[in-house]
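The file final.txt comes next; it holds compact mmCIF, C-alpha atoms.
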```
# COMPACT_ATOMS: atom_id res chain seq x y z
CA MET D 60 -26.82 109.87 -25.34
CA PRO D 61 -28.71 106.61 -25.89
CA ALA D 62 -32.48 106.67 -26.01
CA MET D 63 -34.54 105.87 -22.95
CA THR D 64 -35.84 102.34 -23.48
CA ASP D 65 -37.16 101.42 -20.03
CA THR D 66 -40.94 101.51 -20.42
CA ALA D 67 -41.70 98.60 -18.08
CA PRO D 68 -45.33 98.35 -16.95
CA ASP D 69 -44.43 99.48 -13.44
CA GLY D 70 -42.46 102.53 -14.63
CA LEU D 71 -39.02 103.73 -13.50
CA PRO D 72 -38.16 104.25 -9.81
CA PHE D 73 -36.19 107.30 -8.65
CA PHE D 74 -35.16 109.17 -5.51
CA LYS D 75 -35.48 112.89 -4.81
CA MET D 76 -32.60 114.22 -2.68
CA HIS D 77 -31.05 117.52 -1.72
CA GLY D 78 -27.94 118.89 -0.11
CA LEU D 79 -28.67 122.31 1.42
CA GLY D 80 -31.50 122.83 -1.08
CA ASN D 81 -29.34 121.91 -4.08
CA ASP D 82 -31.77 119.25 -5.34
CA PHE D 83 -31.38 116.10 -7.39
CA VAL D 84 -33.29 113.33 -9.04
CA VAL D 85 -31.32 110.09 -8.61
CA ILE D 86 -31.86 106.99 -10.77
CA ASP D 87 -30.35 103.76 -9.41
CA ALA D 88 -29.12 101.67 -12.33
CA ARG D 89 -26.93 99.29 -10.35
CA ALA D 90 -29.29 96.32 -10.80
CA ALA D 91 -30.35 97.05 -14.40
CA PRO D 92 -29.25 99.54 -17.10
CA ARG D 93 -31.25 102.78 -17.13
CA PRO D 94 -30.21 104.68 -20.31
CA VAL D 95 -30.95 108.39 -20.18
CA SER D 96 -31.92 110.53 -23.17
CA ASP D 97 -31.74 114.30 -23.60
CA ARG D 98 -35.55 114.36 -23.75
CA LEU D 99 -35.86 112.49 -20.46
CA VAL D 100 -33.45 114.86 -18.73
CA ALA D 101 -35.36 117.91 -19.99
CA ALA D 102 -38.74 116.42 -19.08
CA LEU D 103 -37.63 115.44 -15.58
CA ALA D 104 -36.03 118.85 -14.96
CA ASP D 105 -39.32 120.67 -15.64
CA ARG D 106 -40.63 121.66 -12.19
CA HIS D 107 -44.18 122.00 -13.54
CA ARG D 108 -44.56 118.98 -15.82
CA GLY D 109 -41.82 116.73 -14.46
CA VAL D 110 -40.15 116.36 -11.08
CA GLY D 111 -37.67 119.26 -11.05
CA PHE D 112 -34.00 119.24 -10.14
CA ASP D 113 -30.75 121.15 -10.31
CA GLN D 114 -28.94 117.97 -11.40
CA LEU D 115 -29.87 114.42 -12.37
CA ALA D 116 -27.55 111.65 -11.13
CA VAL D 117 -27.44 108.07 -12.35
CA ILE D 118 -25.86 105.37 -10.18
CA ALA D 119 -24.29 102.46 -12.08
CA PRO D 120 -22.07 99.53 -11.07
CA ALA D 121 -18.31 100.08 -11.20
CA PRO D 122 -15.67 97.30 -11.32
CA GLU D 123 -13.17 99.03 -9.03
CA ALA D 124 -15.48 101.15 -6.86
CA ASP D 125 -18.69 100.88 -4.87
CA ALA D 126 -20.61 102.67 -7.65
CA HIS D 127 -20.17 104.95 -10.66
CA LEU D 128 -21.98 108.31 -10.75
CA THR D 129 -22.95 110.26 -13.88
CA PHE D 130 -24.32 113.80 -13.58
CA TYR D 131 -26.60 115.82 -15.89
CA ASN D 132 -27.45 119.50 -15.55
CA ALA D 133 -31.02 120.73 -15.96
CA ASP D 134 -30.29 121.81 -19.55
CA GLY D 135 -29.18 118.28 -20.48
CA SER D 136 -25.44 118.97 -20.46
CA THR D 137 -23.20 116.68 -18.42
CA SER D 138 -20.85 117.54 -15.58
CA ALA D 139 -17.90 115.46 -14.38
CA ALA D 140 -18.48 116.56 -10.78
CA CYS D 141 -21.37 117.37 -8.48
CA GLY D 142 -20.32 117.57 -4.87
CA ASN D 143 -23.69 117.76 -3.14
CA ALA D 144 -25.16 114.91 -5.23
CA THR D 145 -22.08 112.83 -4.48
CA ARG D 146 -22.57 113.37 -0.76
CA CYS D 147 -26.28 112.54 -0.96
CA ILE D 148 -25.69 109.31 -2.86
CA ALA D 149 -22.76 108.41 -0.59
CA ARG D 150 -25.05 108.81 2.43
CA MET D 151 -27.65 106.54 0.84
CA ILE D 152 -25.11 103.80 0.09
CA LEU D 153 -23.46 104.13 3.52
CA ASP D 154 -26.84 103.65 5.18
CA GLU D 155 -27.77 100.85 2.78
CA THR D 156 -24.56 98.85 3.32
CA GLY D 157 -23.60 99.77 6.88
CA ALA D 158 -20.15 100.80 5.63
CA THR D 159 -18.30 103.80 7.08
CA ALA D 160 -16.34 104.64 3.89
CA LEU D 161 -16.87 104.29 0.13
CA ARG D 162 -15.07 104.71 -3.17
CA LEU D 163 -17.19 106.33 -5.87
CA SER D 164 -16.17 106.48 -9.52
CA THR D 165 -17.02 109.63 -11.52
CA ASP D 166 -15.81 111.27 -14.71
CA ARG D 167 -13.83 113.49 -12.34
CA GLY D 168 -12.02 110.40 -11.04
CA LEU D 169 -12.26 108.15 -8.01
CA LEU D 170 -13.76 110.01 -5.02
CA LEU D 171 -13.59 108.86 -1.41
CA ALA D 172 -16.59 109.34 0.88
CA GLU D 173 -17.05 108.68 4.58
CA ASP D 174 -19.41 109.08 7.49
CA ALA D 175 -18.41 112.28 9.30
CA GLY D 176 -20.65 111.67 12.33
CA ASP D 177 -23.62 113.70 13.59
CA GLY D 178 -25.53 112.87 10.40
CA LEU D 179 -22.90 114.56 8.20
CA THR D 180 -21.17 113.08 5.17
CA ARG D 181 -17.67 113.91 3.93
CA VAL D 182 -16.39 113.53 0.36
CA ASN D 183 -12.90 114.06 -1.04
CA MET D 184 -13.52 115.94 -4.30
CA GLY D 185 -9.93 115.45 -5.46
CA GLN D 186 -7.11 117.86 -6.12
CA PRO D 187 -8.07 121.30 -7.46
CA GLN D 188 -7.01 122.16 -10.99
CA THR D 189 -5.20 125.50 -10.98
CA LEU D 190 -3.43 125.50 -14.36
CA TRP D 191 -5.23 127.38 -17.16
CA SER D 192 -5.28 124.26 -19.36
CA GLU D 193 -6.88 122.18 -16.61
CA VAL D 194 -9.76 124.52 -15.73
CA PRO D 195 -9.88 124.89 -18.80
CA LEU D 196 -9.43 128.46 -20.03
CA ALA D 197 -9.22 129.55 -23.65
CA GLU D 198 -5.61 130.73 -23.45
CA ALA D 199 -2.55 130.61 -21.22
CA MET D 200 -2.72 132.89 -18.17
CA ASP D 201 -2.37 133.04 -14.41
CA THR D 202 -5.57 131.62 -12.92
CA LEU D 203 -5.20 133.50 -9.63
CA GLU D 204 -6.45 136.83 -11.02
CA LEU D 205 -8.12 136.69 -14.41
CA PRO D 206 -8.11 139.69 -16.78
CA ILE D 207 -11.83 140.21 -16.16
CA GLU D 208 -13.39 143.12 -14.30
CA GLY D 209 -13.29 142.14 -10.62
CA THR D 210 -10.18 139.93 -11.15
CA PRO D 211 -11.88 136.62 -10.31
CA THR D 212 -9.99 133.37 -9.69
CA ALA D 213 -10.35 130.35 -11.97
CA THR D 214 -10.39 126.84 -10.49
CA GLY D 215 -11.20 123.43 -11.91
CA MET D 216 -12.92 120.83 -9.74
CA GLY D 217 -13.79 118.46 -12.58
CA ASN D 218 -15.90 121.38 -13.81
CA PRO D 219 -14.83 125.02 -14.34
CA HIS D 220 -15.34 127.77 -11.75
CA CYS D 221 -14.98 131.55 -11.69
CA THR D 222 -14.89 133.05 -8.17
CA PHE D 223 -15.39 136.77 -7.56
CA PHE D 224 -14.45 138.10 -4.11
CA VAL D 225 -16.83 140.93 -3.29
CA ALA D 226 -17.58 143.26 -0.38
CA ASP D 227 -21.22 142.20 -0.13
CA ALA D 228 -22.41 138.93 -1.70
CA GLU D 229 -26.05 139.85 -1.07
CA ALA D 230 -25.76 142.99 -3.18
CA ILE D 231 -24.82 141.16 -6.41
CA PRO D 232 -27.78 140.67 -8.82
CA LEU D 233 -26.94 137.04 -9.49
CA ASP D 234 -29.72 136.56 -12.07
CA THR D 235 -27.91 138.91 -14.46
CA PHE D 236 -24.35 138.66 -13.12
CA GLY D 237 -24.19 134.85 -13.37
CA PRO D 238 -25.11 134.33 -17.05
CA ARG D 239 -22.85 137.20 -18.09
CA TYR D 240 -19.79 135.28 -16.88
CA GLU D 241 -21.03 131.72 -17.43
CA HIS D 242 -20.60 132.39 -21.15
CA HIS D 243 -17.39 134.47 -20.93
CA PRO D 244 -15.03 133.82 -23.88
CA LEU D 245 -12.22 132.80 -21.50
CA TYR D 246 -14.28 129.73 -20.55
CA PRO D 247 -14.77 127.53 -23.63
CA GLN D 248 -16.87 125.01 -21.65
CA ARG D 249 -18.80 127.76 -19.81
CA THR D 250 -18.33 128.11 -16.06
CA ASN D 251 -19.97 128.07 -12.66
CA VAL D 252 -19.90 131.56 -11.14
CA GLN D 253 -19.50 132.33 -7.43
CA VAL D 254 -19.66 135.61 -5.54
CA ALA D 255 -17.83 135.24 -2.23
CA GLN D 256 -17.58 137.59 0.74
CA ILE D 257 -14.97 137.12 3.48
CA VAL D 258 -16.96 137.62 6.70
CA GLY D 259 -14.38 136.47 9.23
CA PRO D 260 -11.29 134.34 9.71
CA ASP D 261 -11.80 131.21 7.61
CA HIS D 262 -15.49 132.08 7.14
CA ILE D 263 -17.03 132.87 3.74
CA ARG D 264 -20.51 133.87 2.59
CA MET D 265 -21.03 132.59 -0.94
CA ARG D 266 -23.78 132.61 -3.58
CA VAL D 267 -23.66 130.63 -6.78
CA TRP D 268 -24.81 130.55 -10.39
CA GLU D 269 -24.39 127.05 -11.84
CA ARG D 270 -23.74 126.59 -15.54
CA GLY D 271 -26.63 124.92 -17.28
CA VAL D 272 -28.88 125.44 -14.25
CA GLY D 273 -28.96 129.02 -12.92
CA VAL D 274 -29.09 130.27 -9.34
CA THR D 275 -28.98 127.39 -6.87
CA LEU D 276 -29.26 127.34 -3.09
CA ALA D 277 -25.92 125.55 -2.78
CA SER D 278 -23.16 123.92 -4.80
CA GLY D 279 -20.57 121.52 -3.44
CA SER D 280 -18.00 121.85 -6.21
CA SER D 281 -18.43 125.65 -6.14
CA SER D 282 -17.78 125.63 -2.40
CA CYS D 283 -14.61 123.60 -2.93
CA ALA D 284 -13.45 125.96 -5.68
CA THR D 285 -14.15 129.02 -3.53
CA GLY D 286 -12.32 127.56 -0.54
CA VAL D 287 -9.31 126.82 -2.74
CA ALA D 288 -9.41 130.28 -4.37
CA ALA D 289 -9.62 132.05 -1.00
CA ALA D 290 -6.66 130.08 0.35
CA ARG D 291 -4.58 130.69 -2.79
CA ARG D 292 -5.20 134.43 -2.50
CA GLY D 293 -4.29 134.48 1.19
CA LEU D 294 -7.79 135.50 2.27
CA THR D 295 -8.33 132.41 4.44
CA GLY D 296 -6.51 129.30 5.52
CA ARG D 297 -7.07 125.96 3.82
CA LYS D 298 -9.94 125.04 6.14
CA THR D 299 -13.05 127.19 5.78
CA ARG D 300 -16.71 127.41 6.67
CA ILE D 301 -18.86 128.44 3.70
CA ASP D 302 -22.39 129.76 4.26
CA LEU D 303 -24.62 129.38 1.19
CA ASP D 304 -28.24 130.37 0.61
CA GLY D 305 -29.28 126.84 1.62
CA GLY D 306 -26.97 126.23 4.58
CA THR D 307 -23.36 125.57 5.54
CA LEU D 308 -20.58 123.40 4.14
CA TRP D 309 -17.12 122.88 5.60
CA ILE D 310 -14.18 122.77 3.17
CA ASP D 311 -10.78 121.36 4.07
CA TRP D 312 -8.06 121.51 1.40
CA ARG D 313 -5.66 118.78 2.47
CA GLU D 314 -2.64 117.20 0.84
CA ASP D 315 -4.80 114.42 -0.61
CA GLY D 316 -7.52 116.68 -2.02
CA VAL D 317 -10.40 118.99 -1.11
CA TRP D 318 -12.69 117.46 1.50
CA MET D 319 -16.25 118.74 1.75
CA THR D 320 -18.50 118.02 4.74
CA GLY D 321 -22.20 118.74 5.12
CA PRO D 322 -25.73 117.41 5.64
CA THR D 323 -27.84 115.48 3.15
CA MET D 324 -31.51 114.59 2.80
CA THR D 325 -33.47 111.94 0.91
CA VAL D 326 -36.87 113.56 0.48
CA PHE D 327 -38.92 110.82 -1.16
CA GLU D 328 -38.92 107.81 -3.45
CA GLY D 329 -41.10 107.89 -6.55
CA ARG D 330 -41.79 106.14 -9.81
CA LEU D 331 -41.98 107.63 -13.29
CA THR D 332 -45.09 106.32 -15.02
CA PRO D 333 -44.95 104.35 -18.28
CA GLN D 334 -46.99 107.16 -19.87
CA PHE D 335 -44.38 109.78 -18.87
CA LEU D 336 -41.53 107.57 -20.14
CA ALA D 337 -43.33 106.94 -23.42
CA GLU D 338 -43.77 110.69 -23.98
CA THR D 339 -40.03 111.29 -23.51
CA ALA D 340 -39.14 108.46 -25.90
CA ARG D 341 -40.95 110.04 -28.86
```

Would you mind writing the structure in this file as structure tokens?
Amino acid sequence: MPAMTDTAPDGLPFFKMHGLGNDFVVIDARAAPRPVSDRLVAALADRHRGVGFDQLAVIAPAPEADAHLTFYNADGSTSAACGNATRCIARMILDETGATALRLSTDRGLLLAEDAGDGLTRVNMGQPQTLWSEVPLAEAMDTLELPIEGTPTATGMGNPHCTFFVADAEAIPLDTFGPRYEHHPLYPQRTNVQVAQIVGPDHIRMRVWERGVGVTLASGSSSCATGVAAARRGLTGRKTRIDLDGGTLWIDWREDGVWMTGPTMTVFEGRLTPQFLAETAR
């Protein structure tokens, strides 16, 4: 990653947002380049000495879309997809422009977003990746039931996912369960880990461990992956309600992709001081 060079006298502006408690720092680089270094990501992610986030998102101009989004995990690694951050940024741009629909470019591909009414925002996270090489897994196998204790399902949503269907999602010690499978040898790029409980027809209770982050209150791409996995295994239909620690998302796996609908919140606008930026540039 290039070094952070923006040390203007007035600092660097940012937004703090969250989707169901899955929180983000967002840097708007549409008007001017805002290069991001590993040190800046780590410093910003620190909830004691920085701002704190589950993911950092950078908005940049895109020639064939309304904006391009780049996502960083709290450990500095990148992710091609981040569903909740995409919804939050989509809501901001919808409100800013007065549009009712957007096209957002990501490393996952071109994502469509729209106003869903009642303050909700809907994003098409694209087609799920269900082949072992797409997830990706380390070797050829059926992704529906992996040869791992608990027979989880593997799904790619621009990032890898491992979904365990369990009798009681609350009973799983996610702090130890999550890292055990994040680094499983079958997942060469590590994986997000979900524990999902079927609580009713087309209704799922899910908790999530995000790779490079840890336990989070919600995850949009994890919700999409879990909805797809449940439908593939015949546990639900293709349209599901998913209750996370931070709130509820609605997942609809349609012919054109997996649509995710939920609330968003912009919490505050801030400015990183020149002193803070200088420290991260050393």

Residue nearest Ala139 (chain D) among D:Asp166, D:Asp174, D:Glu338, D:Asp315 (counting all atoms listed in the file):
D:Asp166

Counting all atoms listed in the file, which residue out of D:Val225, D:Ala199, D:Val272, D:Leu331 sits closest to Ala289 (chain D)?
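Selected residue with least distance to Ala289 (chain D): D:Val225.
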
When distances are computed from only C-alpha atoms, which of D:Thr210, D:Ala284, D:Ala140, D:Thr339 shows the smallest separation from Val95 (chain D)?
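Answer, going by the shortest atom-to-atom distance: D:Thr339.
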
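Going from CA of Arg291 (chain D) to CA of Met200 (chain D) covers 15.6 Å.
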
For His220 (chain D), which of D:Phe112, D:Phe130, D:Trp318, D:Trp191 is the closest residue, counting all atoms listed in the file?
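Looking only at the distances to His220 (chain D), the closest residue turns out to be D:Trp191.
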
Residue nearest Asp227 (chain D) - candidates D:Leu245, D:Ala144, D:Ile263, D:Val252, atoms counted: all atoms listed in the file:
D:Ile263

Residue contacts of Leu79 (chain D) (8 Å, all atoms listed in the file) excluding same-chain residues fewer than 4 positions away, as a VMD selection string:
chain D and resid 276 to 277 305 to 307 322 to 323

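Ranking D:Met76, D:Asp311, D:Ala340, D:Gln334 by their shortest atom-to-atom distance to Asp97 (chain D), with all atoms listed in the file included, puts D:Ala340 first.
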
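When CA of Arg300 (chain D) is paired with CA of Asp261 (chain D), their separation reads 6.3 Å.
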
Give me the residues within 10 Å of Glu229 (chain D) as a list in words, counting all atoms listed in the file and dropping any in the same chain fewer than 2 places off.
Val225, Ala226, Asp227, Ile231, Pro232, Leu233, Val254, Ala255, Gln256, Arg264, Met265, Arg266 and Asp304 of chain D

Any chance you could export the current selection's C-alpha atoms as a compact mmCIF listing (two decimals), keeping the file's coordinate frame?
```txt
# COMPACT_ATOMS: atom_id res chain seq x y z
CA VAL D 225 -16.83 140.93 -3.29
CA ALA D 226 -17.58 143.26 -0.38
CA ASP D 227 -21.22 142.20 -0.13
CA ILE D 231 -24.82 141.16 -6.41
CA PRO D 232 -27.78 140.67 -8.82
CA LEU D 233 -26.94 137.04 -9.49
CA VAL D 254 -19.66 135.61 -5.54
CA ALA D 255 -17.83 135.24 -2.23
CA GLN D 256 -17.58 137.59 0.74
CA ARG D 264 -20.51 133.87 2.59
CA MET D 265 -21.03 132.59 -0.94
CA ARG D 266 -23.78 132.61 -3.58
CA ASP D 304 -28.24 130.37 0.61
```

Generate the missing atoms of region 128-139 of chain D up to all heavy atoms and report them as a PDB file, in the frame of the given file.
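Just written: result_22.pdb:
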```pdb
ATOM      1  N   LEU D 128     -20.984 107.253 -10.709  1.00  0.00           N
ATOM      2  CA  LEU D 128     -21.980 108.310 -10.750  1.00  0.00           C
ATOM      3  C   LEU D 128     -21.804 109.137 -12.026  1.00  0.00           C
ATOM      4  O   LEU D 128     -20.696 109.559 -12.364  1.00  0.00           O
ATOM      5  CB  LEU D 128     -21.846 109.228  -9.536  1.00  0.00           C
ATOM      6  CG  LEU D 128     -21.789 108.558  -8.161  1.00  0.00           C
ATOM      7  CD1 LEU D 128     -21.722 109.604  -7.060  1.00  0.00           C
ATOM      8  CD2 LEU D 128     -22.967 107.621  -7.961  1.00  0.00           C
ATOM      9  N   THR D 129     -22.925 109.380 -12.715  1.00  0.00           N
ATOM     10  CA  THR D 129     -22.950 110.260 -13.880  1.00  0.00           C
ATOM     11  C   THR D 129     -23.922 111.390 -13.597  1.00  0.00           C
ATOM     12  O   THR D 129     -25.026 111.148 -13.092  1.00  0.00           O
ATOM     13  CB  THR D 129     -23.397 109.503 -15.140  1.00  0.00           C
ATOM     14  OG1 THR D 129     -22.518 108.391 -15.352  1.00  0.00           O
ATOM     15  CG2 THR D 129     -23.356 110.403 -16.370  1.00  0.00           C
ATOM     16  N   PHE D 130     -23.526 112.636 -13.935  1.00  0.00           N
ATOM     17  CA  PHE D 130     -24.320 113.800 -13.580  1.00  0.00           C
ATOM     18  C   PHE D 130     -24.765 114.559 -14.836  1.00  0.00           C
ATOM     19  O   PHE D 130     -23.990 114.770 -15.766  1.00  0.00           O
ATOM     20  CB  PHE D 130     -23.509 114.757 -12.702  1.00  0.00           C
ATOM     21  CG  PHE D 130     -22.914 114.102 -11.482  1.00  0.00           C
ATOM     22  CD1 PHE D 130     -21.553 113.853 -11.404  1.00  0.00           C
ATOM     23  CD2 PHE D 130     -23.723 113.712 -10.420  1.00  0.00           C
ATOM     24  CE1 PHE D 130     -21.006 113.241 -10.295  1.00  0.00           C
ATOM     25  CE2 PHE D 130     -23.189 113.096  -9.308  1.00  0.00           C
ATOM     26  CZ  PHE D 130     -21.826 112.858  -9.243  1.00  0.00           C
ATOM     27  N   TYR D 131     -26.036 115.007 -14.821  1.00  0.00           N
ATOM     28  CA  TYR D 131     -26.600 115.820 -15.890  1.00  0.00           C
ATOM     29  C   TYR D 131     -27.143 117.108 -15.298  1.00  0.00           C
ATOM     30  O   TYR D 131     -27.811 117.091 -14.260  1.00  0.00           O
ATOM     31  CB  TYR D 131     -27.757 115.072 -16.578  1.00  0.00           C
ATOM     32  CG  TYR D 131     -27.367 113.747 -17.181  1.00  0.00           C
ATOM     33  CD1 TYR D 131     -27.399 112.583 -16.413  1.00  0.00           C
ATOM     34  CD2 TYR D 131     -26.976 113.656 -18.509  1.00  0.00           C
ATOM     35  CE1 TYR D 131     -27.049 111.358 -16.962  1.00  0.00           C
ATOM     36  CE2 TYR D 131     -26.624 112.427 -19.065  1.00  0.00           C
ATOM     37  CZ  TYR D 131     -26.655 111.287 -18.283  1.00  0.00           C
ATOM     38  OH  TYR D 131     -26.300 110.079 -18.830  1.00  0.00           O
ATOM     39  N   ASN D 132     -26.868 118.222 -15.958  1.00  0.00           N
ATOM     40  CA  ASN D 132     -27.450 119.500 -15.550  1.00  0.00           C
ATOM     41  C   ASN D 132     -28.885 119.595 -16.067  1.00  0.00           C
ATOM     42  O   ASN D 132     -29.316 118.811 -16.918  1.00  0.00           O
ATOM     43  CB  ASN D 132     -26.625 120.664 -16.101  1.00  0.00           C
ATOM     44  CG  ASN D 132     -25.234 120.699 -15.509  1.00  0.00           C
ATOM     45  OD1 ASN D 132     -25.048 120.492 -14.313  1.00  0.00           O
ATOM     46  ND2 ASN D 132     -24.247 120.951 -16.356  1.00  0.00           N
ATOM     47  N   ALA D 133     -29.609 120.578 -15.581  1.00  0.00           N
ATOM     48  CA  ALA D 133     -31.020 120.730 -15.960  1.00  0.00           C
ATOM     49  C   ALA D 133     -31.192 121.002 -17.443  1.00  0.00           C
ATOM     50  O   ALA D 133     -32.259 120.711 -17.999  1.00  0.00           O
ATOM     51  CB  ALA D 133     -31.659 121.836 -15.129  1.00  0.00           C
ATOM     52  N   ASP D 134     -30.174 121.539 -18.112  1.00  0.00           N
ATOM     53  CA  ASP D 134     -30.290 121.810 -19.550  1.00  0.00           C
ATOM     54  C   ASP D 134     -29.870 120.616 -20.408  1.00  0.00           C
ATOM     55  O   ASP D 134     -29.811 120.709 -21.626  1.00  0.00           O
ATOM     56  CB  ASP D 134     -29.487 123.057 -19.938  1.00  0.00           C
ATOM     57  CG  ASP D 134     -27.977 122.864 -19.844  1.00  0.00           C
ATOM     58  OD1 ASP D 134     -27.530 121.813 -19.321  1.00  0.00           O
ATOM     59  OD2 ASP D 134     -27.233 123.755 -20.290  1.00  0.00           O
ATOM     60  N   GLY D 135     -29.564 119.484 -19.757  1.00  0.00           N
ATOM     61  CA  GLY D 135     -29.180 118.280 -20.480  1.00  0.00           C
ATOM     62  C   GLY D 135     -27.695 118.082 -20.646  1.00  0.00           C
ATOM     63  O   GLY D 135     -27.248 116.992 -21.022  1.00  0.00           O
ATOM     64  N   SER D 136     -26.887 119.109 -20.375  1.00  0.00           N
ATOM     65  CA  SER D 136     -25.440 118.970 -20.460  1.00  0.00           C
ATOM     66  C   SER D 136     -24.934 118.114 -19.298  1.00  0.00           C
ATOM     67  O   SER D 136     -25.595 117.984 -18.261  1.00  0.00           O
ATOM     68  CB  SER D 136     -24.764 120.340 -20.450  1.00  0.00           C
ATOM     69  OG  SER D 136     -25.065 121.047 -19.250  1.00  0.00           O
ATOM     70  N   THR D 137     -23.767 117.527 -19.464  1.00  0.00           N
ATOM     71  CA  THR D 137     -23.200 116.680 -18.420  1.00  0.00           C
ATOM     72  C   THR D 137     -22.145 117.448 -17.631  1.00  0.00           C
ATOM     73  O   THR D 137     -21.595 118.440 -18.096  1.00  0.00           O
ATOM     74  CB  THR D 137     -22.565 115.412 -19.005  1.00  0.00           C
ATOM     75  OG1 THR D 137     -21.561 115.792 -19.954  1.00  0.00           O
ATOM     76  CG2 THR D 137     -23.609 114.544 -19.677  1.00  0.00           C
ATOM     77  N   SER D 138     -21.883 116.964 -16.437  1.00  0.00           N
ATOM     78  CA  SER D 138     -20.850 117.540 -15.580  1.00  0.00           C
ATOM     79  C   SER D 138     -20.052 116.389 -14.972  1.00  0.00           C
ATOM     80  O   SER D 138     -20.640 115.379 -14.551  1.00  0.00           O
ATOM     81  CB  SER D 138     -21.467 118.395 -14.472  1.00  0.00           C
ATOM     82  OG  SER D 138     -20.463 118.929 -13.626  1.00  0.00           O
ATOM     83  N   ALA D 139     -18.737 116.522 -14.939  1.00  0.00           N
ATOM     84  CA  ALA D 139     -17.900 115.460 -14.380  1.00  0.00           C
ATOM     85  C   ALA D 139     -18.024 115.397 -12.859  1.00  0.00           C
ATOM     86  O   ALA D 139     -17.736 114.363 -12.254  1.00  0.00           O
ATOM     87  CB  ALA D 139     -16.442 115.668 -14.778  1.00  0.00           C
TER      88      ALA D 139
END
```
